[in-house]
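*Asks:* Below is the structure I would like to discuss, written out as C-alpha cells.
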Amino acid sequence: MSSESSSLIVLPQTNQLLGLYTIIRDRTTPRSDFVFYADRIIRLLVEEGLNQLPVSPHTISTPTGISYSGVRFNGHICGVSIVRAGESMEQGLRDCCRSVRIGKILIQRDEATALPKLFYEKLPDDISRRYVFLLDPMLATGGSACMAIKVLIDRGVPQERILFLNLLAAPEGIKVMQEKYPKVKIITGGIDANLDENKFITPGLGDFGDRYYCI
Ligand code: PRP
Ligand code: URA
C-alpha cells in the first residue's frame, strides 16, 4: 500500500472525525445513531470527492459591480452504488449534487469464501463521459470494488475518472486496488489494521449494511 500515492486520499484525522468514527465503531451504538453519524462521514467523503474534480477559470460580476475571477467545474458526474451497503451513500451525494444521476451495481460477497459475485448492473447511458463516484462504505479484500470497477471500465469509463468513496479501508484491499487500477482515486475516511480470518476489517465496525439497514 502506498499512502504517498496520489491515488489514495485519507480524510484529515481531526478530533471531530475520530469522534464520529468512535460512535459508529461502538457495538452498543443503536441503528438510528449509526445512520446519523455514518451519514455525517459520508457527507465529508462526498465533499472531498468534489474537491478532486478539475475546474476551469470563470469570471463573474458581484453585486458590488466588481468582477471576480473564480472557477467552475466543467465536467459531469454520476454516482454508482454497490448494492446493498453502497446505497447508504446515495443521499449524501444527492445532498451536494441535486439532480445527480445514480447507477447501481449489485455485488454480494459470498459469506463463506468472501468472494464477490455480480448479479445486476444498471448504469446511466452516457456514463463513459462522466466522472463516476463509486460508492461503497467498506473496502476489505478489494474484490467487490475491483469487480465494480471492471464493470465501469467495460462501459468505457477511464480509470482516472473513477473516484471510489469508502468509510473504512483495509491495507489488503488498498494494495489490491492500487496494483490493479492505479489511476482510480480511493477516498477513504480511515485505514484500519488488517482483515480477520473472516475477511472482516479489524478493528472495523462490523457489517456496515446490517448496521445501517437491519439491526
Ligand atoms: C460488503 C461491503 C462491500 C464488500 C467489501 O458488502 O459493503 O461491498 O462487503 O468486501 P470486499 O472488499 O472483501 O469485497 P456485502 O457483500 O457484505 O453486502 P451488503 O452490501 O449487502 O452488506
Ligand atoms: N463488509 C463489511 O460490512 N464489513 C467488513 O468488515 C468487511 C466487509
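Going by the C-alpha cells order, chains are called A, B, ..., each with residues numbered from 1, while ligands are numbered from 1 in the order shown.
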Which residues are near ligand 1 - at most 8 Å, using only C-alpha atoms and all ligand atoms? Format: as a PDB file with all heavy atoms, in the first residue's frame.
*Replies:*
```pdb
ATOM      1  N   ILE A  82     -22.608   0.370  -4.977  1.00  0.00           N
ATOM      2  CA  ILE A  82     -22.532  -1.091  -4.933  1.00  0.00           C
ATOM      3  C   ILE A  82     -23.566  -1.540  -3.908  1.00  0.00           C
ATOM      4  O   ILE A  82     -23.434  -1.277  -2.703  1.00  0.00           O
ATOM      5  CB  ILE A  82     -21.114  -1.578  -4.555  1.00  0.00           C
ATOM      6  CG1 ILE A  82     -20.073  -1.028  -5.556  1.00  0.00           C
ATOM      7  CG2 ILE A  82     -21.081  -3.102  -4.520  1.00  0.00           C
ATOM      8  CD1 ILE A  82     -18.634  -1.454  -5.281  1.00  0.00           C
ATOM      9  N   VAL A  83     -24.642  -2.130  -4.415  1.00  0.00           N
ATOM     10  CA  VAL A  83     -25.767  -2.539  -3.581  1.00  0.00           C
ATOM     11  C   VAL A  83     -25.361  -3.786  -2.773  1.00  0.00           C
ATOM     12  O   VAL A  83     -24.666  -4.663  -3.315  1.00  0.00           O
ATOM     13  CB  VAL A  83     -26.964  -2.900  -4.497  1.00  0.00           C
ATOM     14  CG1 VAL A  83     -28.172  -3.321  -3.672  1.00  0.00           C
ATOM     15  CG2 VAL A  83     -27.305  -1.726  -5.418  1.00  0.00           C
ATOM     16  N   ARG A  84     -25.743  -3.827  -1.487  1.00  0.00           N
ATOM     17  CA  ARG A  84     -26.665  -3.000  -0.752  1.00  0.00           C
ATOM     18  C   ARG A  84     -26.023  -1.833  -0.035  1.00  0.00           C
ATOM     19  O   ARG A  84     -26.530  -0.712  -0.063  1.00  0.00           O
ATOM     20  CB  ARG A  84     -27.358  -3.954   0.258  1.00  0.00           C
ATOM     21  CG  ARG A  84     -27.998  -3.335   1.457  1.00  0.00           C
ATOM     22  CD  ARG A  84     -28.377  -4.360   2.521  1.00  0.00           C
ATOM     23  NE  ARG A  84     -27.231  -4.999   3.146  1.00  0.00           N
ATOM     24  CZ  ARG A  84     -27.311  -5.700   4.297  1.00  0.00           C
ATOM     25  NH1 ARG A  84     -28.470  -5.856   4.898  1.00  0.00           N
ATOM     26  NH2 ARG A  84     -26.248  -6.262   4.818  1.00  0.00           N
ATOM     27  N   ALA A  85     -24.892  -2.057   0.666  1.00  0.00           N
ATOM     28  CA  ALA A  85     -24.405  -1.044   1.600  1.00  0.00           C
ATOM     29  C   ALA A  85     -24.106   0.295   0.911  1.00  0.00           C
ATOM     30  O   ALA A  85     -24.293   1.363   1.507  1.00  0.00           O
ATOM     31  CB  ALA A  85     -23.178  -1.561   2.340  1.00  0.00           C
ATOM     32  N   GLY A  86     -23.674   0.239  -0.353  1.00  0.00           N
ATOM     33  CA  GLY A  86     -23.334   1.481  -1.049  1.00  0.00           C
ATOM     34  C   GLY A  86     -24.509   2.418  -1.229  1.00  0.00           C
ATOM     35  O   GLY A  86     -24.331   3.638  -1.379  1.00  0.00           O
ATOM     36  N   ILE A 107     -23.498  -6.337  -6.177  1.00  0.00           N
ATOM     37  CA  ILE A 107     -22.444  -7.325  -5.939  1.00  0.00           C
ATOM     38  C   ILE A 107     -22.572  -7.767  -4.488  1.00  0.00           C
ATOM     39  O   ILE A 107     -22.715  -6.937  -3.597  1.00  0.00           O
ATOM     40  CB  ILE A 107     -21.038  -6.706  -6.166  1.00  0.00           C
ATOM     41  CG1 ILE A 107     -20.829  -6.356  -7.646  1.00  0.00           C
ATOM     42  CG2 ILE A 107     -19.944  -7.670  -5.695  1.00  0.00           C
ATOM     43  CD1 ILE A 107     -19.548  -5.585  -7.929  1.00  0.00           C
ATOM     44  N   GLN A 108     -22.519  -9.060  -4.254  1.00  0.00           N
ATOM     45  CA  GLN A 108     -22.569  -9.562  -2.879  1.00  0.00           C
ATOM     46  C   GLN A 108     -21.370 -10.465  -2.651  1.00  0.00           C
ATOM     47  O   GLN A 108     -21.004 -11.260  -3.529  1.00  0.00           O
ATOM     48  CB  GLN A 108     -23.858 -10.367  -2.643  1.00  0.00           C
ATOM     49  CG  GLN A 108     -25.114  -9.522  -2.688  1.00  0.00           C
ATOM     50  CD  GLN A 108     -25.334  -8.730  -1.403  1.00  0.00           C
ATOM     51  OE1 GLN A 108     -25.770  -9.277  -0.407  1.00  0.00           O
ATOM     52  NE2 GLN A 108     -25.022  -7.451  -1.423  1.00  0.00           N
ATOM     53  N   ARG A 109     -20.771 -10.333  -1.464  1.00  0.00           N
ATOM     54  CA  ARG A 109     -19.692 -11.248  -1.067  1.00  0.00           C
ATOM     55  C   ARG A 109     -20.312 -12.553  -0.593  1.00  0.00           C
ATOM     56  O   ARG A 109     -21.261 -12.533   0.180  1.00  0.00           O
ATOM     57  CB  ARG A 109     -18.930 -10.642   0.128  1.00  0.00           C
ATOM     58  CG  ARG A 109     -17.768  -9.872  -0.242  1.00  0.00           C
ATOM     59  CD  ARG A 109     -16.850  -9.457   0.861  1.00  0.00           C
ATOM     60  NE  ARG A 109     -17.001  -9.846   2.238  1.00  0.00           N
ATOM     61  CZ  ARG A 109     -16.032  -9.729   3.134  1.00  0.00           C
ATOM     62  NH1 ARG A 109     -14.850  -9.259   2.775  1.00  0.00           N
ATOM     63  NH2 ARG A 109     -16.215 -10.043   4.386  1.00  0.00           N
ATOM     64  N   ASP A 110     -19.742 -13.654  -1.042  1.00  0.00           N
ATOM     65  CA  ASP A 110     -20.165 -14.954  -0.519  1.00  0.00           C
ATOM     66  C   ASP A 110     -19.747 -15.008   0.954  1.00  0.00           C
ATOM     67  O   ASP A 110     -18.584 -14.740   1.267  1.00  0.00           O
ATOM     68  CB  ASP A 110     -19.472 -16.060  -1.327  1.00  0.00           C
ATOM     69  CG  ASP A 110     -19.913 -17.440  -0.883  1.00  0.00           C
ATOM     70  OD1 ASP A 110     -19.629 -17.821   0.277  1.00  0.00           O
ATOM     71  OD2 ASP A 110     -20.539 -18.125  -1.696  1.00  0.00           O
ATOM     72  N   GLU A 111     -20.699 -15.361   1.833  1.00  0.00           N
ATOM     73  CA  GLU A 111     -20.369 -15.304   3.263  1.00  0.00           C
ATOM     74  C   GLU A 111     -19.305 -16.316   3.657  1.00  0.00           C
ATOM     75  O   GLU A 111     -18.528 -16.083   4.580  1.00  0.00           O
ATOM     76  CB  GLU A 111     -21.633 -15.468   4.109  1.00  0.00           C
ATOM     77  CG  GLU A 111     -22.430 -14.176   4.103  1.00  0.00           C
ATOM     78  CD  GLU A 111     -23.623 -14.186   5.030  1.00  0.00           C
ATOM     79  OE1 GLU A 111     -23.761 -15.128   5.832  1.00  0.00           O
ATOM     80  OE2 GLU A 111     -24.414 -13.230   4.937  1.00  0.00           O
ATOM     81  N   ALA A 114     -15.939 -15.150   0.984  1.00  0.00           N
ATOM     82  CA  ALA A 114     -15.675 -13.701   0.866  1.00  0.00           C
ATOM     83  C   ALA A 114     -15.421 -13.289  -0.587  1.00  0.00           C
ATOM     84  O   ALA A 114     -15.001 -12.164  -0.844  1.00  0.00           O
ATOM     85  CB  ALA A 114     -14.521 -13.238   1.757  1.00  0.00           C
ATOM     86  N   LEU A 115     -15.711 -14.192  -1.537  1.00  0.00           N
ATOM     87  CA  LEU A 115     -15.509 -13.830  -2.951  1.00  0.00           C
ATOM     88  C   LEU A 115     -16.758 -13.107  -3.470  1.00  0.00           C
ATOM     89  O   LEU A 115     -17.889 -13.486  -3.140  1.00  0.00           O
ATOM     90  CB  LEU A 115     -15.235 -15.078  -3.784  1.00  0.00           C
ATOM     91  CG  LEU A 115     -13.891 -15.749  -3.479  1.00  0.00           C
ATOM     92  CD1 LEU A 115     -13.774 -17.069  -4.219  1.00  0.00           C
ATOM     93  CD2 LEU A 115     -12.735 -14.814  -3.846  1.00  0.00           C
ATOM     94  N   PRO A 116     -16.556 -12.071  -4.285  1.00  0.00           N
ATOM     95  CA  PRO A 116     -17.707 -11.301  -4.747  1.00  0.00           C
ATOM     96  C   PRO A 116     -18.417 -11.964  -5.925  1.00  0.00           C
ATOM     97  O   PRO A 116     -17.795 -12.662  -6.721  1.00  0.00           O
ATOM     98  CB  PRO A 116     -17.057  -9.990  -5.208  1.00  0.00           C
ATOM     99  CG  PRO A 116     -15.678 -10.387  -5.621  1.00  0.00           C
ATOM    100  CD  PRO A 116     -15.280 -11.543  -4.772  1.00  0.00           C
ATOM    101  N   ASP A 136     -19.255   2.741  -1.872  1.00  0.00           N
ATOM    102  CA  ASP A 136     -19.358   1.530  -1.044  1.00  0.00           C
ATOM    103  C   ASP A 136     -18.619   1.825   0.259  1.00  0.00           C
ATOM    104  O   ASP A 136     -17.452   2.210   0.229  1.00  0.00           O
ATOM    105  CB  ASP A 136     -18.727   0.319  -1.747  1.00  0.00           C
ATOM    106  CG  ASP A 136     -19.068  -0.991  -1.036  1.00  0.00           C
ATOM    107  OD1 ASP A 136     -19.283  -0.982   0.199  1.00  0.00           O
ATOM    108  OD2 ASP A 136     -19.126  -2.030  -1.714  1.00  0.00           O
ATOM    109  N   PRO A 137     -19.295   1.648   1.409  1.00  0.00           N
ATOM    110  CA  PRO A 137     -18.641   2.059   2.656  1.00  0.00           C
ATOM    111  C   PRO A 137     -17.423   1.241   3.060  1.00  0.00           C
ATOM    112  O   PRO A 137     -16.585   1.739   3.807  1.00  0.00           O
ATOM    113  CB  PRO A 137     -19.754   1.923   3.701  1.00  0.00           C
ATOM    114  CG  PRO A 137     -20.798   1.081   3.076  1.00  0.00           C
ATOM    115  CD  PRO A 137     -20.689   1.248   1.595  1.00  0.00           C
ATOM    116  N   MET A 138     -17.307  -0.017   2.601  1.00  0.00           N
ATOM    117  CA  MET A 138     -16.233  -0.869   3.114  1.00  0.00           C
ATOM    118  C   MET A 138     -15.336  -1.383   1.989  1.00  0.00           C
ATOM    119  O   MET A 138     -15.815  -1.975   1.017  1.00  0.00           O
ATOM    120  CB  MET A 138     -16.833  -2.073   3.865  1.00  0.00           C
ATOM    121  CG  MET A 138     -17.814  -1.708   4.968  1.00  0.00           C
ATOM    122  SD  MET A 138     -17.098  -0.690   6.264  1.00  0.00           S
ATOM    123  CE  MET A 138     -16.462  -1.932   7.357  1.00  0.00           C
ATOM    124  N   LEU A 139     -14.028  -1.189   2.153  1.00  0.00           N
ATOM    125  CA  LEU A 139     -13.034  -1.771   1.233  1.00  0.00           C
ATOM    126  C   LEU A 139     -12.256  -2.795   2.052  1.00  0.00           C
ATOM    127  O   LEU A 139     -11.373  -2.424   2.831  1.00  0.00           O
ATOM    128  CB  LEU A 139     -12.120  -0.671   0.693  1.00  0.00           C
ATOM    129  CG  LEU A 139     -10.888  -1.113  -0.096  1.00  0.00           C
ATOM    130  CD1 LEU A 139     -11.255  -1.971  -1.285  1.00  0.00           C
ATOM    131  CD2 LEU A 139     -10.091   0.104  -0.564  1.00  0.00           C
ATOM    132  N   ALA A 140     -12.616  -4.059   1.915  1.00  0.00           N
ATOM    133  CA  ALA A 140     -11.976  -5.111   2.729  1.00  0.00           C
ATOM    134  C   ALA A 140     -10.911  -5.830   1.896  1.00  0.00           C
ATOM    135  O   ALA A 140      -9.759  -5.386   1.842  1.00  0.00           O
ATOM    136  CB  ALA A 140     -13.046  -6.063   3.272  1.00  0.00           C
ATOM    137  N   THR A 141     -11.280  -6.903   1.196  1.00  0.00           N
ATOM    138  CA  THR A 141     -10.290  -7.566   0.323  1.00  0.00           C
ATOM    139  C   THR A 141     -10.093  -6.791  -0.976  1.00  0.00           C
ATOM    140  O   THR A 141      -9.110  -7.014  -1.686  1.00  0.00           O
ATOM    141  CB  THR A 141     -10.761  -8.985  -0.069  1.00  0.00           C
ATOM    142  OG1 THR A 141     -11.955  -8.866  -0.874  1.00  0.00           O
ATOM    143  CG2 THR A 141     -11.055  -9.852   1.136  1.00  0.00           C
ATOM    144  N   GLY A 142     -11.059  -5.954  -1.307  1.00  0.00           N
ATOM    145  CA  GLY A 142     -10.999  -5.213  -2.584  1.00  0.00           C
ATOM    146  C   GLY A 142     -11.691  -5.952  -3.715  1.00  0.00           C
ATOM    147  O   GLY A 142     -11.810  -5.425  -4.819  1.00  0.00           O
ATOM    148  N   GLY A 143     -12.182  -7.167  -3.445  1.00  0.00           N
ATOM    149  CA  GLY A 143     -12.811  -7.967  -4.503  1.00  0.00           C
ATOM    150  C   GLY A 143     -14.040  -7.289  -5.092  1.00  0.00           C
ATOM    151  O   GLY A 143     -14.193  -7.220  -6.320  1.00  0.00           O
ATOM    152  N   SER A 144     -14.921  -6.780  -4.235  1.00  0.00           N
ATOM    153  CA  SER A 144     -16.164  -6.165  -4.733  1.00  0.00           C
ATOM    154  C   SER A 144     -15.857  -4.894  -5.518  1.00  0.00           C
ATOM    155  O   SER A 144     -16.405  -4.669  -6.611  1.00  0.00           O
ATOM    156  CB  SER A 144     -17.089  -5.822  -3.557  1.00  0.00           C
ATOM    157  OG  SER A 144     -17.331  -6.956  -2.779  1.00  0.00           O
ATOM    158  N   ALA A 145     -14.981  -4.057  -4.974  1.00  0.00           N
ATOM    159  CA  ALA A 145     -14.670  -2.790  -5.649  1.00  0.00           C
ATOM    160  C   ALA A 145     -14.013  -3.048  -7.006  1.00  0.00           C
ATOM    161  O   ALA A 145     -14.348  -2.398  -8.006  1.00  0.00           O
ATOM    162  CB  ALA A 145     -13.762  -1.935  -4.762  1.00  0.00           C
ATOM    163  N   GLY A 173      -6.979  -4.442   0.894  1.00  0.00           N
ATOM    164  CA  GLY A 173      -7.845  -4.002  -0.203  1.00  0.00           C
ATOM    165  C   GLY A 173      -7.238  -2.835  -0.970  1.00  0.00           C
ATOM    166  O   GLY A 173      -7.331  -2.769  -2.201  1.00  0.00           O
ATOM    167  N   LYS A 199     -12.259 -12.276   6.806  1.00  0.00           N
ATOM    168  CA  LYS A 199     -12.090 -11.170   5.847  1.00  0.00           C
ATOM    169  C   LYS A 199     -12.927  -9.953   6.229  1.00  0.00           C
ATOM    170  O   LYS A 199     -13.414  -9.205   5.399  1.00  0.00           O
ATOM    171  CB  LYS A 199     -12.445 -11.602   4.408  1.00  0.00           C
ATOM    172  CG  LYS A 199     -11.709 -12.853   3.945  1.00  0.00           C
ATOM    173  CD  LYS A 199     -10.250 -12.580   3.702  1.00  0.00           C
ATOM    174  CE  LYS A 199      -9.523 -13.787   3.132  1.00  0.00           C
ATOM    175  NZ  LYS A 199      -8.102 -13.792   3.413  1.00  0.00           N
ATOM    176  N   PHE A 200     -13.131  -9.775   7.544  1.00  0.00           N
ATOM    177  CA  PHE A 200     -13.743  -8.551   8.051  1.00  0.00           C
ATOM    178  C   PHE A 200     -12.635  -7.595   8.485  1.00  0.00           C
ATOM    179  O   PHE A 200     -11.585  -8.018   8.968  1.00  0.00           O
ATOM    180  CB  PHE A 200     -14.681  -8.860   9.226  1.00  0.00           C
ATOM    181  CG  PHE A 200     -16.112  -9.009   8.793  1.00  0.00           C
ATOM    182  CD1 PHE A 200     -16.492 -10.064   7.968  1.00  0.00           C
ATOM    183  CD2 PHE A 200     -17.076  -8.075   9.170  1.00  0.00           C
ATOM    184  CE1 PHE A 200     -17.796 -10.184   7.529  1.00  0.00           C
ATOM    185  CE2 PHE A 200     -18.387  -8.196   8.739  1.00  0.00           C
ATOM    186  CZ  PHE A 200     -18.751  -9.245   7.916  1.00  0.00           C
ATOM    187  N   ASP A 207     -20.556  -5.397  10.213  1.00  0.00           N
ATOM    188  CA  ASP A 207     -21.176  -5.456   8.889  1.00  0.00           C
ATOM    189  C   ASP A 207     -21.938  -4.150   8.665  1.00  0.00           C
ATOM    190  O   ASP A 207     -22.997  -3.918   9.263  1.00  0.00           O
ATOM    191  CB  ASP A 207     -22.124  -6.665   8.814  1.00  0.00           C
ATOM    192  CG  ASP A 207     -22.692  -6.850   7.413  1.00  0.00           C
ATOM    193  OD1 ASP A 207     -23.150  -5.857   6.802  1.00  0.00           O
ATOM    194  OD2 ASP A 207     -22.676  -7.987   6.916  1.00  0.00           O
ATOM    195  N   PHE A 208     -21.386  -3.295   7.812  1.00  0.00           N
ATOM    196  CA  PHE A 208     -21.974  -1.966   7.634  1.00  0.00           C
ATOM    197  C   PHE A 208     -23.428  -2.050   7.179  1.00  0.00           C
ATOM    198  O   PHE A 208     -24.301  -1.357   7.704  1.00  0.00           O
ATOM    199  CB  PHE A 208     -21.156  -1.159   6.618  1.00  0.00           C
ATOM    200  CG  PHE A 208     -21.587   0.280   6.533  1.00  0.00           C
ATOM    201  CD1 PHE A 208     -20.902   1.263   7.225  1.00  0.00           C
ATOM    202  CD2 PHE A 208     -22.703   0.659   5.781  1.00  0.00           C
ATOM    203  CE1 PHE A 208     -21.317   2.585   7.172  1.00  0.00           C
ATOM    204  CE2 PHE A 208     -23.128   1.975   5.728  1.00  0.00           C
ATOM    205  CZ  PHE A 208     -22.429   2.942   6.420  1.00  0.00           C
ATOM    206  N   GLY A 209     -23.682  -2.900   6.172  1.00  0.00           N
ATOM    207  CA  GLY A 209     -25.049  -2.989   5.626  1.00  0.00           C
ATOM    208  C   GLY A 209     -26.052  -3.405   6.686  1.00  0.00           C
ATOM    209  O   GLY A 209     -27.143  -2.835   6.789  1.00  0.00           O
ATOM    210  N   ASP A 210     -25.687  -4.385   7.496  1.00  0.00           N
ATOM    211  CA  ASP A 210     -26.591  -4.830   8.566  1.00  0.00           C
ATOM    212  C   ASP A 210     -26.825  -3.701   9.567  1.00  0.00           C
ATOM    213  O   ASP A 210     -27.950  -3.459  10.000  1.00  0.00           O
ATOM    214  CB  ASP A 210     -25.996  -6.034   9.306  1.00  0.00           C
ATOM    215  CG  ASP A 210     -26.197  -7.331   8.541  1.00  0.00           C
ATOM    216  OD1 ASP A 210     -26.832  -7.298   7.463  1.00  0.00           O
ATOM    217  OD2 ASP A 210     -25.690  -8.368   9.005  1.00  0.00           O
TER     218      ASP A 210
END
```
*Asks:* Extract the full set of strand (DSSP E or B) residues from stretch 1-207 of chain A according to DSSP on the backbone, and format it as a PyMOL selection string.
*Replies:* chain A and resi 8-10+55-61+67-73+77-83+101-109+116-122+131-135+138-139+162-166+168-169+185-188+191+194-195+201-202
*Asks:* Could you tell me how far atom CA of A:Ala193 sits from atom CA of A:Leu134, in Å to one decimal place?
*Replies:*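 Atom CA of A:Ala193 lies at a distance of 23.3 Å from atom CA of A:Leu134.
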*Asks:* Among stretch 63-156 of chain A, which residues does DSSP mark as alpha helix (DSSP H) when it is run on the backbone? Keep the chain and numbering as in the structure and answer as a PyMOL selection string.
*Replies:* chain A and resi 90-96+143-154
*Asks:* Let me see the file: selected residues, all heavy atoms, as a compact mmCIF listing (two decimals), in the first residue's frame.
*Replies:*
```txt
# COMPACT_ATOMS: atom_id res chain seq x y z
N GLU A 90 -25.91 7.24 -1.21
CA GLU A 90 -26.54 7.98 -2.31
C GLU A 90 -27.08 9.33 -1.86
O GLU A 90 -26.95 10.34 -2.55
CB GLU A 90 -27.66 7.16 -2.94
CG GLU A 90 -27.15 5.92 -3.67
CD GLU A 90 -28.28 5.07 -4.21
OE1 GLU A 90 -29.47 5.46 -4.11
OE2 GLU A 90 -27.97 3.98 -4.75
N GLN A 91 -27.73 9.35 -0.67
CA GLN A 91 -28.35 10.61 -0.23
C GLN A 91 -27.29 11.68 0.02
O GLN A 91 -27.50 12.85 -0.30
CB GLN A 91 -29.19 10.37 1.04
CG GLN A 91 -30.05 11.57 1.42
CD GLN A 91 -31.00 11.99 0.31
OE1 GLN A 91 -31.68 11.16 -0.28
NE2 GLN A 91 -31.04 13.29 -0.01
N GLY A 92 -26.13 11.27 0.54
CA GLY A 92 -25.05 12.23 0.77
C GLY A 92 -24.61 12.88 -0.53
O GLY A 92 -24.29 14.07 -0.58
N LEU A 93 -24.60 12.09 -1.60
CA LEU A 93 -24.23 12.64 -2.91
C LEU A 93 -25.34 13.55 -3.41
O LEU A 93 -25.08 14.66 -3.91
CB LEU A 93 -23.97 11.49 -3.89
CG LEU A 93 -23.56 11.87 -5.30
CD1 LEU A 93 -22.29 12.72 -5.31
CD2 LEU A 93 -23.34 10.61 -6.15
N ARG A 94 -26.59 13.13 -3.26
CA ARG A 94 -27.72 13.97 -3.71
C ARG A 94 -27.78 15.28 -2.94
O ARG A 94 -28.19 16.31 -3.47
CB ARG A 94 -29.05 13.24 -3.49
CG ARG A 94 -29.31 12.12 -4.46
CD ARG A 94 -30.77 11.65 -4.28
NE ARG A 94 -30.97 10.34 -4.84
CZ ARG A 94 -31.06 10.07 -6.14
NH1 ARG A 94 -30.96 11.05 -7.00
NH2 ARG A 94 -31.26 8.85 -6.55
N ASP A 95 -27.38 15.25 -1.66
CA ASP A 95 -27.42 16.48 -0.85
C ASP A 95 -26.47 17.53 -1.41
O ASP A 95 -26.65 18.73 -1.20
CB ASP A 95 -27.05 16.19 0.61
CG ASP A 95 -28.17 15.42 1.33
OD1 ASP A 95 -29.29 15.38 0.81
OD2 ASP A 95 -27.88 14.84 2.40
N CYS A 96 -25.41 17.08 -2.10
CA CYS A 96 -24.43 18.03 -2.66
C CYS A 96 -24.69 18.30 -4.14
O CYS A 96 -24.35 19.37 -4.64
CB CYS A 96 -23.01 17.48 -2.51
SG CYS A 96 -22.52 17.26 -0.81
N GLY A 143 -12.18 -7.17 -3.45
CA GLY A 143 -12.81 -7.97 -4.50
C GLY A 143 -14.04 -7.29 -5.09
O GLY A 143 -14.19 -7.22 -6.32
N SER A 144 -14.92 -6.78 -4.23
CA SER A 144 -16.16 -6.16 -4.73
C SER A 144 -15.86 -4.89 -5.52
O SER A 144 -16.40 -4.67 -6.61
CB SER A 144 -17.09 -5.82 -3.56
OG SER A 144 -17.33 -6.96 -2.78
N ALA A 145 -14.98 -4.06 -4.97
CA ALA A 145 -14.67 -2.79 -5.65
C ALA A 145 -14.01 -3.05 -7.01
O ALA A 145 -14.35 -2.40 -8.01
CB ALA A 145 -13.76 -1.94 -4.76
N CYS A 146 -13.09 -4.01 -7.06
CA CYS A 146 -12.42 -4.30 -8.35
C CYS A 146 -13.42 -4.83 -9.36
O CYS A 146 -13.36 -4.48 -10.55
CB CYS A 146 -11.29 -5.30 -8.15
SG CYS A 146 -9.84 -4.55 -7.37
N MET A 147 -14.37 -5.65 -8.89
CA MET A 147 -15.38 -6.17 -9.82
C MET A 147 -16.23 -5.02 -10.36
O MET A 147 -16.55 -4.95 -11.55
CB MET A 147 -16.25 -7.19 -9.08
CG MET A 147 -17.17 -7.96 -9.97
SD MET A 147 -17.93 -9.31 -9.05
CE MET A 147 -16.80 -10.65 -9.38
N ALA A 148 -16.60 -4.09 -9.48
CA ALA A 148 -17.41 -2.94 -9.92
C ALA A 148 -16.62 -2.06 -10.88
O ALA A 148 -17.16 -1.57 -11.89
CB ALA A 148 -17.85 -2.13 -8.69
N ILE A 149 -15.34 -1.87 -10.61
CA ILE A 149 -14.52 -1.02 -11.49
C ILE A 149 -14.40 -1.66 -12.87
O ILE A 149 -14.44 -0.97 -13.90
CB ILE A 149 -13.14 -0.76 -10.84
CG1 ILE A 149 -13.33 0.18 -9.66
CG2 ILE A 149 -12.15 -0.17 -11.85
CD1 ILE A 149 -12.15 0.28 -8.73
N LYS A 150 -14.31 -2.97 -12.92
CA LYS A 150 -14.24 -3.64 -14.22
C LYS A 150 -15.54 -3.38 -15.01
O LYS A 150 -15.50 -3.13 -16.22
CB LYS A 150 -14.00 -5.15 -14.04
CG LYS A 150 -13.93 -5.85 -15.37
CD LYS A 150 -13.44 -7.26 -15.28
CE LYS A 150 -13.32 -7.93 -16.66
NZ LYS A 150 -14.31 -7.60 -17.65
N VAL A 151 -16.67 -3.42 -14.32
CA VAL A 151 -17.94 -3.13 -15.00
C VAL A 151 -17.89 -1.72 -15.59
O VAL A 151 -18.28 -1.49 -16.74
CB VAL A 151 -19.13 -3.25 -14.01
CG1 VAL A 151 -20.41 -2.71 -14.62
CG2 VAL A 151 -19.31 -4.70 -13.57
N LEU A 152 -17.38 -0.76 -14.82
CA LEU A 152 -17.32 0.63 -15.29
C LEU A 152 -16.37 0.77 -16.48
O LEU A 152 -16.68 1.43 -17.47
CB LEU A 152 -16.87 1.56 -14.15
CG LEU A 152 -17.80 1.61 -12.93
CD1 LEU A 152 -17.19 2.50 -11.84
CD2 LEU A 152 -19.18 2.12 -13.32
N ILE A 153 -15.21 0.13 -16.38
CA ILE A 153 -14.23 0.21 -17.47
C ILE A 153 -14.79 -0.44 -18.74
O ILE A 153 -14.65 0.09 -19.84
CB ILE A 153 -12.89 -0.42 -17.03
CG1 ILE A 153 -12.23 0.50 -15.99
CG2 ILE A 153 -11.95 -0.64 -18.21
CD1 ILE A 153 -10.98 -0.05 -15.35
N ASP A 154 -15.49 -1.56 -18.56
CA ASP A 154 -16.11 -2.22 -19.72
C ASP A 154 -17.16 -1.31 -20.38
O ASP A 154 -17.46 -1.46 -21.56
CB ASP A 154 -16.77 -3.54 -19.31
CG ASP A 154 -15.72 -4.62 -19.02
OD1 ASP A 154 -14.53 -4.39 -19.33
OD2 ASP A 154 -16.10 -5.66 -18.46
```
*Asks:* With only C-alpha atoms and all ligand atoms as the atoms that count, which of A:Cys97, A:Val55, A:Ala170, A:Met177 lies nearest to ligand 2?
*Replies:* A:Ala170
*Asks:* Which residues, written as a ChimeraX atom specification, have at least one atom at most 8 Å from A:Glu121, with only C-alpha atoms counted and residues fewer than 6 positions away on the same chain left out?
*Replies:* /A:103-106
*Asks:* List the spatial neighbours of A:Leu45 as an MDAnalysis selection string - criterion: any atom at most 8 Å away, only C-alpha atoms, same-chain residues fewer than 6 positions off excluded.
*Replies:* chainID A and resid 11 165:167 187:189
